[in-house]
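Colleague: Got a structure for you, written out below as structure tokens; questions coming shortly.
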Amino acid sequence: MKPTPEIALPQTTEPLRRRLLRTLYVNLVIDIVCAVIVTYVMRISDSFLVNLVFSLCIGMTAMALIEAGRSLLWRNATPPKAQFMVFILVAAGIAQFVGIHLADLLLGLPTDNFSSMYMNVSGLGLIILTVSVCVGATLFFWNLSTLAELRNQAANEKARAAAIEKQALQAQLQMLQAQIEPHMLFNTLATLQSLIAIDAPRAQQMLDQLIQFLRASLSSSRIEQTTLAQEFSLMEAYLELMSLRMGSRLSFDLQLPAELRDTVIAPMLLQPLVENAIKHGLEPKIEGGRVEVAASRQGEILLLDVSDTGLGLSAQSDLQPNNHASHIGLSNIHERLQALYGSRASLTVKPKLPHGVIAQLQLPILP
């Protein structure tokens, strides 16, 4: 039993640099608004520029203290709200003291300007304004952080659901893929059983070819993607095995351009088409016929053609992709194409003149 793979979740947490830039931008806007209030509402000073310097120094100091304290005390975790509010009040008081002294130094004012400000009502109002702004701005960023965390959780759940859906899809595809082989295997074993008594060397050759085919088939059944070179190698092993069963009644040709050998596709897409060509076109035909498998490219579309010179569609009225009972291979391909590529891929089955059938796969070329 395979171990359940770890589900890789996207790193959707907001980067620190982006959060700090956003906080700085909003802080600048708040500081300018505070300078306007202090100048034209509270009338603490007639100079807007002086009040703006004080507002910027206090606001930037508060932002630095809150961000630094949050990173040191709680790191990336969400801090408890009550503790955080107490921290904000302490930070606001320190920011008031440090910011005013810093503004005094920048403006060349006496450093005892801070003490005199506390001696009047305007100074008390400034303190209240600072604390209120710190609390309001922090609650604003708290809500933004909460929304970002919720978005992060939603993205993680979405990624987890997508990973689970992918695992379920792969399990379904493996189950569908497992339906391809049984009837061919049973027919080959029956042929081997009859040959052992009458033609032992040919039976040995068929057994060797069967082992080679099963080894290649088993390898393909355990991977999600393969290359055209590997897929054509599997088809060659299969057709070699079928030619031992049918003898001179079956000939085949595989055409894979060198530039397409490394093209990536889903495994086991060609085999059901080749099986149908033999089972429904060539085996019922007394003289047998020929199977050709060819790959080509048109822009970003990969074309895979499987053609035969068998009885043709008119003699096989039941050859329909939706006939699960007798043509599970074709319905298998339709389901896999829909699951893997959606509307970007298609399978068409049409008559080949003068006789036979052409089945064409159109797949998007994966990077």
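Letters A, B, ... mark the chains of the structure tokens in the order given; residue numbers begin at 1 per chain; ligand numbers begin at 1, in order shown.
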Hey, which bits of region 335-362 of chain A sit within 9 Å of region 258-278 of chain A, and for each residue what's the closest pair of atoms and how far apart in Å (one decimal), counting only C-alpha atoms, rows by chain and increasing number, as CSV?
Modeller:
```
residue,atom,partner,partner_atom,distance
A:Arg336,CA,A:Leu269,CA,8.6
A:Leu337,CA,A:Leu269,CA,8.9
A:Leu340,CA,A:Ala266,CA,8.1
A:Gly356,CA,A:Ala277,CA,8.7
A:Val357,CA,A:Ala277,CA,7.5
A:Ile358,CA,A:Ala277,CA,8.8
A:Ala359,CA,A:Leu273,CA,6.9
A:Gln360,CA,A:Leu273,CA,8.9
A:Leu361,CA,A:Leu270,CA,8.6
```
Colleague: Given the selection you just returned, output its residues as a file containing all heavy atoms, formatted as a compact mmCIF listing (two decimals), in the first residue's frame.
Modeller:
```txt
# COMPACT_ATOMS: atom_id res chain seq x y z
N ARG A 336 -10.85 9.39 -19.59
CA ARG A 336 -9.53 9.86 -19.19
C ARG A 336 -9.21 11.20 -19.84
O ARG A 336 -8.65 12.09 -19.20
CB ARG A 336 -8.47 8.83 -19.57
CG ARG A 336 -8.60 7.52 -18.81
CD ARG A 336 -7.44 6.60 -19.13
NE ARG A 336 -6.19 7.13 -18.58
CZ ARG A 336 -4.99 6.79 -19.01
NH1 ARG A 336 -4.87 5.93 -20.01
NH2 ARG A 336 -3.91 7.29 -18.48
N LEU A 337 -9.55 11.38 -21.11
CA LEU A 337 -9.31 12.66 -21.78
C LEU A 337 -10.07 13.78 -21.07
O LEU A 337 -9.54 14.89 -20.88
CB LEU A 337 -9.72 12.58 -23.24
CG LEU A 337 -8.87 11.71 -24.17
CD1 LEU A 337 -9.42 11.75 -25.58
CD2 LEU A 337 -7.42 12.15 -24.15
N LEU A 340 -8.33 14.45 -17.68
CA LEU A 340 -6.97 14.97 -17.75
C LEU A 340 -6.86 16.29 -18.49
O LEU A 340 -6.11 17.18 -18.08
CB LEU A 340 -6.05 13.94 -18.43
CG LEU A 340 -5.81 12.64 -17.65
CD1 LEU A 340 -5.12 11.62 -18.55
CD2 LEU A 340 -4.96 12.91 -16.42
N GLY A 356 -11.41 0.10 -43.67
CA GLY A 356 -10.72 0.23 -42.39
C GLY A 356 -11.24 1.39 -41.56
O GLY A 356 -12.28 2.00 -41.87
N VAL A 357 -10.52 1.71 -40.51
CA VAL A 357 -10.93 2.74 -39.56
C VAL A 357 -9.70 3.56 -39.17
O VAL A 357 -8.59 3.03 -39.08
CB VAL A 357 -11.56 2.12 -38.28
CG1 VAL A 357 -11.86 3.18 -37.23
CG2 VAL A 357 -12.82 1.34 -38.62
N ILE A 358 -9.93 4.86 -38.97
CA ILE A 358 -8.90 5.74 -38.42
C ILE A 358 -9.40 6.32 -37.11
O ILE A 358 -10.47 6.96 -37.07
CB ILE A 358 -8.53 6.89 -39.38
CG1 ILE A 358 -7.97 6.35 -40.68
CG2 ILE A 358 -7.53 7.83 -38.71
CD1 ILE A 358 -7.63 7.45 -41.68
N ALA A 359 -8.68 6.08 -36.02
CA ALA A 359 -8.99 6.71 -34.73
C ALA A 359 -7.90 7.73 -34.45
O ALA A 359 -6.69 7.43 -34.54
CB ALA A 359 -9.01 5.67 -33.62
N GLN A 360 -8.32 8.96 -34.18
CA GLN A 360 -7.35 10.06 -33.98
C GLN A 360 -7.52 10.69 -32.61
O GLN A 360 -8.62 11.11 -32.22
CB GLN A 360 -7.49 11.12 -35.06
CG GLN A 360 -6.44 12.22 -34.96
CD GLN A 360 -6.59 13.28 -36.04
OE1 GLN A 360 -7.40 14.18 -35.91
NE2 GLN A 360 -5.79 13.16 -37.10
N LEU A 361 -6.41 10.79 -31.89
CA LEU A 361 -6.35 11.52 -30.63
C LEU A 361 -5.76 12.89 -30.88
O LEU A 361 -4.72 13.01 -31.53
CB LEU A 361 -5.47 10.78 -29.61
CG LEU A 361 -6.08 9.57 -28.88
CD1 LEU A 361 -4.96 8.87 -28.11
CD2 LEU A 361 -7.17 10.02 -27.94
```
Colleague: Could you list, as a ChimeraX atom specification, every residue within 8 Å of Leu254 (chain A), counting only C-alpha atoms and ignoring same-chain residues fewer than 5 positions away?
Modeller: /A:232,236,292-294
Colleague: What would the file look like if the residues just selected were written as a compact mmCIF listing (two decimals), in the first residue's frame with all heavy atoms?
Modeller:
```txt
# COMPACT_ATOMS: atom_id res chain seq x y z
N PHE A 232 5.29 4.35 -27.57
CA PHE A 232 5.48 3.61 -28.82
C PHE A 232 6.24 2.31 -28.56
O PHE A 232 6.01 1.30 -29.23
CB PHE A 232 6.22 4.48 -29.84
CG PHE A 232 5.29 5.28 -30.72
CD1 PHE A 232 4.48 6.25 -30.19
CD2 PHE A 232 5.21 5.02 -32.08
CE1 PHE A 232 3.62 7.00 -30.99
CE2 PHE A 232 4.35 5.74 -32.90
CZ PHE A 232 3.54 6.74 -32.35
N GLU A 236 4.92 -1.33 -29.57
CA GLU A 236 5.71 -2.28 -30.35
C GLU A 236 5.72 -3.65 -29.68
O GLU A 236 5.55 -4.69 -30.37
CB GLU A 236 7.14 -1.77 -30.51
CG GLU A 236 8.01 -2.66 -31.38
CD GLU A 236 9.39 -2.08 -31.60
OE1 GLU A 236 9.75 -1.10 -30.91
OE2 GLU A 236 10.11 -2.61 -32.46
N GLU A 292 -1.39 0.80 -38.41
CA GLU A 292 -0.38 1.85 -38.44
C GLU A 292 -0.64 2.83 -37.31
O GLU A 292 -1.78 3.26 -37.11
CB GLU A 292 -0.39 2.58 -39.79
CG GLU A 292 0.02 1.70 -40.97
CD GLU A 292 0.03 2.47 -42.29
OE1 GLU A 292 -0.41 3.65 -42.28
OE2 GLU A 292 0.48 1.90 -43.29
N VAL A 293 0.41 3.15 -36.60
CA VAL A 293 0.33 4.14 -35.51
C VAL A 293 1.30 5.26 -35.86
O VAL A 293 2.50 5.01 -36.07
CB VAL A 293 0.70 3.51 -34.15
CG1 VAL A 293 0.54 4.54 -33.04
CG2 VAL A 293 -0.16 2.28 -33.87
N ALA A 294 0.79 6.50 -35.93
CA ALA A 294 1.61 7.63 -36.36
C ALA A 294 1.39 8.83 -35.44
O ALA A 294 0.26 9.08 -34.98
CB ALA A 294 1.30 8.00 -37.81
```
Colleague: Give me the residues near Ile94 (chain A) as a short mmCIF file (atom, residue, chain, number, x, y, z; two decimals) with N, CA and C atoms, in the first residue's frame, where near means some atom within 12 Å (using only C-alpha atoms) and where sequence neighbours in that chain fewer than 2 positions away do not count.
Modeller:
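File result00.cif, as written:
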```
data_model
loop_
_atom_site.label_atom_id
_atom_site.label_comp_id
_atom_site.auth_asym_id
_atom_site.auth_seq_id
_atom_site.Cartn_x
_atom_site.Cartn_y
_atom_site.Cartn_z
N CYS A 57 6.52 62.24 13.81
CA CYS A 57 7.46 61.63 14.77
C CYS A 57 6.72 60.72 15.74
N ILE A 58 5.59 61.20 16.25
CA ILE A 58 4.83 60.38 17.20
C ILE A 58 4.25 59.15 16.49
N GLY A 59 3.67 59.38 15.31
CA GLY A 59 3.03 58.28 14.57
C GLY A 59 4.02 57.22 14.14
N MET A 60 5.17 57.65 13.59
CA MET A 60 6.18 56.68 13.15
C MET A 60 6.77 55.91 14.32
N THR A 61 6.99 56.62 15.44
CA THR A 61 7.51 55.94 16.63
C THR A 61 6.52 54.89 17.13
N ALA A 62 5.23 55.26 17.16
CA ALA A 62 4.20 54.31 17.59
C ALA A 62 4.16 53.10 16.67
N MET A 63 4.23 53.34 15.36
CA MET A 63 4.20 52.23 14.41
C MET A 63 5.39 51.30 14.62
N ALA A 64 6.59 51.90 14.80
CA ALA A 64 7.79 51.09 14.99
C ALA A 64 7.70 50.27 16.28
N LEU A 65 7.21 50.89 17.36
CA LEU A 65 7.09 50.18 18.63
C LEU A 65 6.10 49.03 18.54
N ILE A 66 4.94 49.30 17.92
CA ILE A 66 3.89 48.27 17.83
C ILE A 66 4.35 47.11 16.95
N PHE A 87 -0.74 46.47 25.52
CA PHE A 87 0.54 46.79 24.87
C PHE A 87 0.44 48.07 24.05
N ILE A 88 -0.68 48.25 23.35
CA ILE A 88 -0.87 49.46 22.54
C ILE A 88 -0.86 50.71 23.41
N LEU A 89 -1.55 50.65 24.57
CA LEU A 89 -1.60 51.81 25.46
C LEU A 89 -0.20 52.17 25.96
N VAL A 90 0.57 51.16 26.33
CA VAL A 90 1.95 51.41 26.77
C VAL A 90 2.77 51.98 25.62
N ALA A 91 2.63 51.40 24.44
CA ALA A 91 3.38 51.88 23.28
C ALA A 91 2.99 53.31 22.92
N ALA A 92 1.69 53.64 23.07
CA ALA A 92 1.24 55.00 22.75
C ALA A 92 1.89 56.01 23.70
N GLN A 96 4.43 58.90 22.53
CA GLN A 96 4.18 60.31 22.82
C GLN A 96 5.46 60.97 23.35
N PHE A 97 6.09 60.32 24.31
CA PHE A 97 7.29 60.88 24.94
C PHE A 97 8.44 60.97 23.94
N VAL A 98 8.74 59.84 23.27
CA VAL A 98 9.87 59.80 22.35
C VAL A 98 9.62 60.67 21.13
N GLY A 99 8.38 60.62 20.58
CA GLY A 99 8.07 61.38 19.37
C GLY A 99 8.19 62.88 19.58
N ILE A 100 7.70 63.39 20.73
CA ILE A 100 7.78 64.83 20.99
C ILE A 100 9.23 65.26 21.15
N HIS A 101 10.03 64.48 21.88
CA HIS A 101 11.44 64.81 22.03
C HIS A 101 12.17 64.77 20.69
N LEU A 102 11.83 63.77 19.85
CA LEU A 102 12.45 63.68 18.54
C LEU A 102 12.08 64.88 17.68
N ILE A 127 -2.44 63.95 24.08
CA ILE A 127 -2.22 62.58 24.56
C ILE A 127 -3.41 61.69 24.21
N THR A 130 -3.40 60.96 20.55
CA THR A 130 -2.38 59.96 20.19
C THR A 130 -2.82 58.55 20.54
N VAL A 131 -3.32 58.39 21.78
CA VAL A 131 -3.78 57.07 22.21
C VAL A 131 -4.93 56.59 21.34
N CYS A 134 -3.67 55.56 17.95
CA CYS A 134 -2.94 54.29 18.03
C CYS A 134 -3.90 53.12 18.16
#
```
Colleague: Between CA of Val349 (chain A) and CA of Ala216 (chain A), measure the distance and give it in Å to one decimal.
Modeller: 26.7 Å
Colleague: Ranking A:His334, A:Lys285, A:Leu241, A:Ala155 by minimum distance to Leu185 (chain A) and counting only C-alpha atoms, which one comes first?
Modeller: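 Of all the options, A:Leu241 lies closest to Leu185 (chain A).
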Colleague: Would you kindly return, as an MDAnalysis selection string, each protein, DNA or RNA residue with an atom no farther than 10 Å from any atom of region 188-199 of chain A, considering only C-alpha atoms and excluding same-chain residues fewer than 3 positions away?
Modeller: chainID A and resid 182:185 202:207 210 241:242 244:246
Colleague: Separation of CA of Tyr238 (chain A) and CA of Thr348 (chain A), in Å?
Modeller: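 Atom-to-atom, CA of Tyr238 (chain A) and CA of Thr348 (chain A) are spaced 22.5 Å apart.
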Colleague: Near Glu287 (chain A), within 12 Å and counting only C-alpha atoms, which residues show up once chain neighbours fewer than 3 positions away are dropped, as a PDB file with N, CA and C atoms, in the first residue's frame?
Modeller:
```pdb
ATOM      1  N   MET A 246      -1.409 -13.918 -34.404  1.00  0.00           N
ATOM      2  CA  MET A 246      -2.119 -13.894 -35.677  1.00  0.00           C
ATOM      3  C   MET A 246      -1.259 -14.326 -36.857  1.00  0.00           C
ATOM      4  N   GLY A 247       0.056 -14.400 -36.636  1.00  0.00           N
ATOM      5  CA  GLY A 247       0.933 -14.812 -37.729  1.00  0.00           C
ATOM      6  C   GLY A 247       0.954 -13.805 -38.863  1.00  0.00           C
ATOM      7  N   SER A 248       0.909 -14.309 -40.086  1.00  0.00           N
ATOM      8  CA  SER A 248       0.996 -13.439 -41.262  1.00  0.00           C
ATOM      9  C   SER A 248      -0.259 -12.597 -41.472  1.00  0.00           C
ATOM     10  N   ARG A 249      -1.299 -12.846 -40.686  1.00  0.00           N
ATOM     11  CA  ARG A 249      -2.528 -12.061 -40.846  1.00  0.00           C
ATOM     12  C   ARG A 249      -2.385 -10.658 -40.265  1.00  0.00           C
ATOM     13  N   LEU A 250      -1.303 -10.384 -39.571  1.00  0.00           N
ATOM     14  CA  LEU A 250      -1.128  -9.058 -38.972  1.00  0.00           C
ATOM     15  C   LEU A 250       0.236  -8.490 -39.331  1.00  0.00           C
ATOM     16  N   SER A 251       0.218  -7.284 -39.865  1.00  0.00           N
ATOM     17  CA  SER A 251       1.448  -6.501 -40.060  1.00  0.00           C
ATOM     18  C   SER A 251       1.219  -5.137 -39.426  1.00  0.00           C
ATOM     19  N   GLY A 281     -11.416  -5.005 -35.999  1.00  0.00           N
ATOM     20  CA  GLY A 281     -11.185  -4.783 -37.420  1.00  0.00           C
ATOM     21  C   GLY A 281     -10.440  -5.899 -38.117  1.00  0.00           C
ATOM     22  N   LEU A 282      -9.371  -6.386 -37.504  1.00  0.00           N
ATOM     23  CA  LEU A 282      -8.493  -7.337 -38.195  1.00  0.00           C
ATOM     24  C   LEU A 282      -8.748  -8.792 -37.830  1.00  0.00           C
ATOM     25  N   GLU A 283      -8.982  -9.089 -36.559  1.00  0.00           N
ATOM     26  CA  GLU A 283      -9.203 -10.494 -36.173  1.00  0.00           C
ATOM     27  C   GLU A 283     -10.430 -11.107 -36.845  1.00  0.00           C
ATOM     28  N   PRO A 284     -11.563 -10.358 -36.948  1.00  0.00           N
ATOM     29  CA  PRO A 284     -12.727 -10.969 -37.617  1.00  0.00           C
ATOM     30  C   PRO A 284     -12.544 -11.115 -39.133  1.00  0.00           C
ATOM     31  N   ARG A 290      -3.496  -4.673 -41.659  1.00  0.00           N
ATOM     32  CA  ARG A 290      -2.341  -3.882 -41.212  1.00  0.00           C
ATOM     33  C   ARG A 290      -2.794  -2.795 -40.221  1.00  0.00           C
ATOM     34  N   THR A 309      -6.659  -1.637 -41.658  1.00  0.00           N
ATOM     35  CA  THR A 309      -7.277  -2.009 -42.943  1.00  0.00           C
ATOM     36  C   THR A 309      -8.278  -3.133 -42.718  1.00  0.00           C
ATOM     37  N   GLY A 310      -8.979  -3.053 -41.601  1.00  0.00           N
ATOM     38  CA  GLY A 310      -9.911  -4.106 -41.229  1.00  0.00           C
ATOM     39  C   GLY A 310     -11.271  -3.966 -41.863  1.00  0.00           C
ATOM     40  N   LEU A 311     -12.286  -4.447 -41.150  1.00  0.00           N
ATOM     41  CA  LEU A 311     -13.639  -4.515 -41.707  1.00  0.00           C
ATOM     42  C   LEU A 311     -14.276  -3.154 -41.906  1.00  0.00           C
TER      43      LEU A 311
END
```
Colleague: For Leu56 (chain A), list every protein, DNA or RNA residue within 8 Å, evaluated using only C-alpha atoms, and leave out those in the same chain fewer than 6 positions away; present the list as a PDB file with C-alpha atoms, in the first residue's frame.
Modeller:
```pdb
ATOM      1  CA  LEU A  28       1.337  58.663   6.797  1.00  0.00           C
ATOM      2  CA  ASP A  31      -0.391  61.484  10.649  1.00  0.00           C
ATOM      3  CA  ILE A  32      -1.408  64.128   8.112  1.00  0.00           C
TER       4      ILE A  32
END
```
Colleague: Ranking A:Phe84, A:Leu52, A:Tyr25, A:Arg18 by minimum distance to Val38 (chain A) and counting only C-alpha atoms, which one comes first?
Modeller: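 The answer is A:Leu52, which sits nearest to Val38 (chain A).
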Colleague: Could you work out how far CA of Leu302 (chain A) lies from CA of Leu214 (chain A), giving the answer in Å with one decimal?
Modeller: 26.6 Å
